[in-house]
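S.K.: To start, I am sharing the structure in question, which I have written as structure tokens.
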Amino acid sequence: MKQFVISLVIISIAHTNVHAQVKLPRLIRDSMVLQRDTKVRIWGWASANEKVNVRFNGRRYSTTTGKDGKWMLWLPPTKAGGPYKMTINNITINNILFGDVWLCSGQSNMVHQMELHSVTYANDIAEANYPQIRHFWIKTMNDMKAPHDDLPDGHWSAANPETVRQFSAVAYFFAKKIYDKYHIPIGLINASVGGTPIEAWTSEEGLKEFPAMQATIQKNKNHVERRPPPPPPPVVKDKGIIGKWYDTSFVPKNWRTIAIPGYWEDQGIKDLNGVVWYRREVDIPAAMAGKAARVFLGRIVDADMLYINGRQIGHTTYMYPQRRYAIPAGILKAGRNIFVVRVTNHYGKGGFVPDKPYCLFAGNDTVDLKGYWQYKVGEVFEPRNRSGNFGINAQNQPTALYNAMIAPLINYTIRGFLWYQGETNTGRPEEYAQLQPAQIKDWRAKWQQGELPFFFVQLPNFMDVNYLPSESQWAVLRESQLKSLRVPNTAMAVAIDLGEWNDIHPDNKKSVGERLALAALNKVYGEKDLEYSGPLFDTAVIEGNTIMISFTHTGSGLISINDEPLSEFAIAGADKKFKWAKARIEGDKVIVWNDEVTEPRYVRYAWADNPDSPNLYNKEGLPASPFRTDQP
């Protein structure tokens with residue numbers, strides 16, 4: 001009898017261990033959002049030939065793993081709602097919602113979290129009480145060799161004033177606009193990496209029509225990562241670090257004057273790549289003394305380190321984020337305070353970007369930090385050959401991000417895709433006209449859910465304004481994006497009015513998300529009478545010395561958004577020498593002319609990196625997409 005009991009215990013332990021081997025993909029976990037109104041895959045891994053039992057919503061589903069230990073089964077369509085509980089063998093998953101799941105992807109403008117725009121969207125963050133809007137953030141990973149079948153980590157977060165700070169701002173405002181109208185749970189899966197090209201997000205099969213990329217893929221599969229020998233200890237050459245120029249006891253001598261904001265190359269420092277120290281005595285009113293505060297230092301090219309009264313307050317290692325640092329209580333004192341900023345620049349103009357906020361505030365008190373500071377050069381970098389071989393940037397290689405960050409998701413049933421990318425491809429803008437349709441086709445093939453909606457953002461205005469008609473790689477990239485609308489069930493959010501000349505990460509993310517949501521409302525949620533796009537070029541007809549332009553998506557009519565004459569139209573004859581044109585609205589058309597161009601052939605609109613004042617909109621307040629009729 002004793003032996004029989006021992007045998008039962010052994011069997012029980014063995015049974016428990018087998019069930020303990022069931023493994024679920026990282027996406028399938030507490031607080032997940034599953035796609036409503038359609039069959040949903042549930043999958044995972046276990047021992048070979050193991051039985052897997054799923055209990056959900058009063059029903060039981062079973063399957064058996066194959067020899068490879070993989071298993072997959074389908075749940076029937078479930079209406080929006082929850083929360084539900086699911087049990088998979090001995091694993092229980094809680095707080096499950098059914099709603100609409102959107103995969104959000106691209107580069108940094110899709111990455112940018114609400115936290116990075118916390119001043120602009122302070123009220124939105126404070127009011128973010130949306131437990132049915134949930135976000136799954138995927139950390140940056142890459143693999144040049146083969147697709148992954150799972151993610152190493154990650155979790156679902158519901159939107160509240162604390163967690164929403166880590167949500168993609170574009171994705172959050174997209175979800176909020178839809179949720180506010182329909183109160184359907186929204187799941188956002190965010191797989192985005194700054195500074196990455198579209199081909200890194202596309203599979204090997206999706207790039208089969210691109211021979212050069214196929215060759216790169218095969219080469220990368222054979223690439224052997226050789227770890228270089230450890231570098232020698234760094235030699236400190238910065239005189240400011242050696243001399244502790246940030247210390248309150250330091251007495252500056254022979255420092256020069258420079259203005260903030262501004263680049264040092266524009267203020268008497270010629271072609272310097274290196275380290276420049278900025279110093280200023282800032283008078284703090286007694287009302288701010290001792291209080292916790294915040295300091296805004298705009299944007300700095302490239303890296304910075306801020307010291308106040310000898311204490312390091314914050315630092316940033318690259319140029320793009322706006323500098324917004326918290327100052328602990330007890331640092332500021334009434335009267336004289338020493339502010340020191342160490343700025344490092346490796347290439348191009350260094351310093352403080354104009355047209356950004358530079359101030360210190362605590363409570364209702366604000367101190368302006370713009371104006372003249374003292375500066376001294378701490379270190380000059382040796383010139384380097386930028387065309388040299390700096391090795392492979394793995395995350396930018398074809399398929400690398402698809403393999404690690406997209407492939408693990410393809411079993412997860414979704415409602416559609418949101419895509420905000422293109423900046424990194426502006427050096428090869430014509431190619432994008434083939435790459436984006438290939439990516440759309442590829443992702444739809446991987447998910448096997450038919451022609452899933454694919455909504456994307458056209459690049460906004462950026463860089464210097466050119467006041468003469470000119471060529472533009474950014475304009476060509478926008479044109480390539482526009483061509484992707486030929487792919488069925490796609491839509492484009494025009495953003496030519498939402499950029500900033502000196503920031504590749506413009507602050508207005510809410511309008512971007514809401515314009516994407518307009519496309520979803522029309523194409524997914526059945527609001528067919530809702531205009532979701534700005535005017536898009538349709539046809540051009542030459543009539544004497546004028547060209548008549550017709551558009552789609554004119555909505556309830558064309559307008560000049562600022563009540564000024566239409567601007568940013570250019571016209572040319574057969575020589576393609578473009579001149580600024582006059583233009584007027586006639587019904588749902590625009591008539592374009594220039595009295596000096598008597599035999600016009602071609603028209604362009606907003607054809608520039610950063611067009612000065614494109615003002616053609618529909619009455620719904622959506623801007624016309626840039627276009628040209630002289631395509632090569």
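How things are named: the first chain in the structure tokens is A, the next is B, and so on; residues count from 1 in each chain; ligands count from 1 in the order shown.
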Step one, run DSSP on the backbone; step two, keep only residues of region 153-276 of chain A assigned to strand (DSSP E); then write them as a PyMOL selection string.
M.R.: chain A and resi 156-159+186-192+256-260+262-263+274-276
S.K.: If we count only C-alpha atoms and set the cut-off at 8 Å, which residues sit around Ala289 (chain A), ignoring sequence neighbours fewer than 2 positions away in its own chain? Please answer as a PDB file with N, CA, C and O atoms, in the first residue's frame.
M.R.:
```pdb
ATOM      1  N   ILE A 284      17.795  84.315  -9.037  1.00  0.00           N
ATOM      2  CA  ILE A 284      16.582  83.590  -8.676  1.00  0.00           C
ATOM      3  C   ILE A 284      15.822  84.385  -7.611  1.00  0.00           C
ATOM      4  O   ILE A 284      16.397  84.733  -6.567  1.00  0.00           O
ATOM      5  N   PRO A 285      14.531  84.668  -7.844  1.00  0.00           N
ATOM      6  CA  PRO A 285      13.762  85.390  -6.821  1.00  0.00           C
ATOM      7  C   PRO A 285      13.562  84.543  -5.579  1.00  0.00           C
ATOM      8  O   PRO A 285      13.568  83.306  -5.629  1.00  0.00           O
ATOM      9  N   ALA A 286      13.344  85.192  -4.479  1.00  0.00           N
ATOM     10  CA  ALA A 286      13.201  84.494  -3.198  1.00  0.00           C
ATOM     11  C   ALA A 286      12.035  83.520  -3.218  1.00  0.00           C
ATOM     12  O   ALA A 286      12.067  82.482  -2.537  1.00  0.00           O
ATOM     13  N   ALA A 287      11.005  83.825  -4.012  1.00  0.00           N
ATOM     14  CA  ALA A 287       9.819  82.955  -4.070  1.00  0.00           C
ATOM     15  C   ALA A 287      10.138  81.577  -4.644  1.00  0.00           C
ATOM     16  O   ALA A 287       9.409  80.614  -4.394  1.00  0.00           O
ATOM     17  N   LYS A 291      12.735  75.564  -3.753  1.00  0.00           N
ATOM     18  CA  LYS A 291      11.638  74.776  -4.311  1.00  0.00           C
ATOM     19  C   LYS A 291      12.128  73.817  -5.395  1.00  0.00           C
ATOM     20  O   LYS A 291      13.122  74.073  -6.070  1.00  0.00           O
ATOM     21  N   GLY A 330      15.869  72.314  -2.879  1.00  0.00           N
ATOM     22  CA  GLY A 330      17.088  72.607  -2.152  1.00  0.00           C
ATOM     23  C   GLY A 330      18.256  73.035  -3.008  1.00  0.00           C
ATOM     24  O   GLY A 330      19.290  73.441  -2.479  1.00  0.00           O
ATOM     25  N   LEU A 332      18.100  75.417  -5.777  1.00  0.00           N
ATOM     26  CA  LEU A 332      18.030  76.845  -6.077  1.00  0.00           C
ATOM     27  C   LEU A 332      18.059  77.661  -4.791  1.00  0.00           C
ATOM     28  O   LEU A 332      17.498  77.269  -3.763  1.00  0.00           O
ATOM     29  N   LYS A 333      18.692  78.817  -4.875  1.00  0.00           N
ATOM     30  CA  LYS A 333      18.754  79.713  -3.723  1.00  0.00           C
ATOM     31  C   LYS A 333      18.432  81.136  -4.182  1.00  0.00           C
ATOM     32  O   LYS A 333      18.562  81.469  -5.369  1.00  0.00           O
ATOM     33  N   ALA A 334      17.999  81.948  -3.290  1.00  0.00           N
ATOM     34  CA  ALA A 334      17.675  83.329  -3.629  1.00  0.00           C
ATOM     35  C   ALA A 334      18.938  84.067  -4.056  1.00  0.00           C
ATOM     36  O   ALA A 334      20.010  83.907  -3.463  1.00  0.00           O
TER      37      ALA A 334
END
```
S.K.: Pick the closest to Asp143 (chain A) from A:Asn160, A:Asn502, A:Thr399, A:Thr65: which is it, counting only C-alpha atoms?
M.R.: A:Thr399
S.K.: Just checking: using only C-alpha atoms, which residue out of A:Arg415, A:Lys237, A:Lys582, A:Lys145 ends up closest to Gly378 (chain A)?
M.R.: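 That would be A:Lys237, the residue with the smallest distance to Gly378 (chain A).
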S.K.: How close does region 186-299 of chain A get to region 317-321 of chain A? List, as CSV, each residue of region 186-299 of chain A within 12 Å, its nearest atom pair and the distance in Å to one decimal, counting only C-alpha atoms.
M.R.:
```
residue,atom,partner,partner_atom,distance
A:Gly194,CA,A:Tyr320,CA,10.4
A:Gly195,CA,A:Tyr320,CA,10.9
A:Phe296,CA,A:Pro321,CA,11.3
A:Leu297,CA,A:Pro321,CA,10.3
A:Gly298,CA,A:Pro321,CA,8.6
A:Arg299,CA,A:Pro321,CA,6.6
```
S.K.: Using only C-alpha atoms, find each residue of region 336-442 of chain A with at least one atom at most 10 Å away from an atom of region 490-501 of chain A; report its shortest atom-to-atom pair and that distance in Å (one decimal), sort the rows by chain and rising residue number, and return the result as CSV.
M.R.:
```
residue,atom,partner,partner_atom,distance
A:Pro354,CA,A:Trp501,CA,10.0
A:Asp355,CA,A:Trp501,CA,9.3
A:Phe417,CA,A:Thr490,CA,9.6
A:Leu418,CA,A:Ala491,CA,9.8
A:Trp419,CA,A:Met492,CA,9.5
A:Tyr420,CA,A:Ala493,CA,9.6
A:Ile440,CA,A:Thr490,CA,9.1
```
S.K.: Would you save the residues from that selection as a compact mmCIF listing (two decimals), in the first residue's frame, using C-alpha atoms?
M.R.:
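Output file result30.txt follows:
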```
# COMPACT_ATOMS: atom_id res chain seq x y z
CA PRO A 354 16.39 78.40 -31.95
CA ASP A 355 12.62 78.69 -31.55
CA PHE A 417 -1.70 48.67 -39.02
CA LEU A 418 -0.62 52.23 -38.19
CA TRP A 419 2.68 53.30 -39.78
CA TYR A 420 4.74 56.48 -39.24
CA ILE A 440 2.14 46.34 -46.99
```
S.K.: Please list as a list in words every residue within 10 Å of Phe381 (chain A), counting only C-alpha atoms and excluding residues in the same chain fewer than 5 positions away.
M.R.: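 Surrounding residues, per the criterion: Lys237, Asp238, Leu272, Asn273, Gly274, Val275, Thr344, Asn345 and His346 of chain A.
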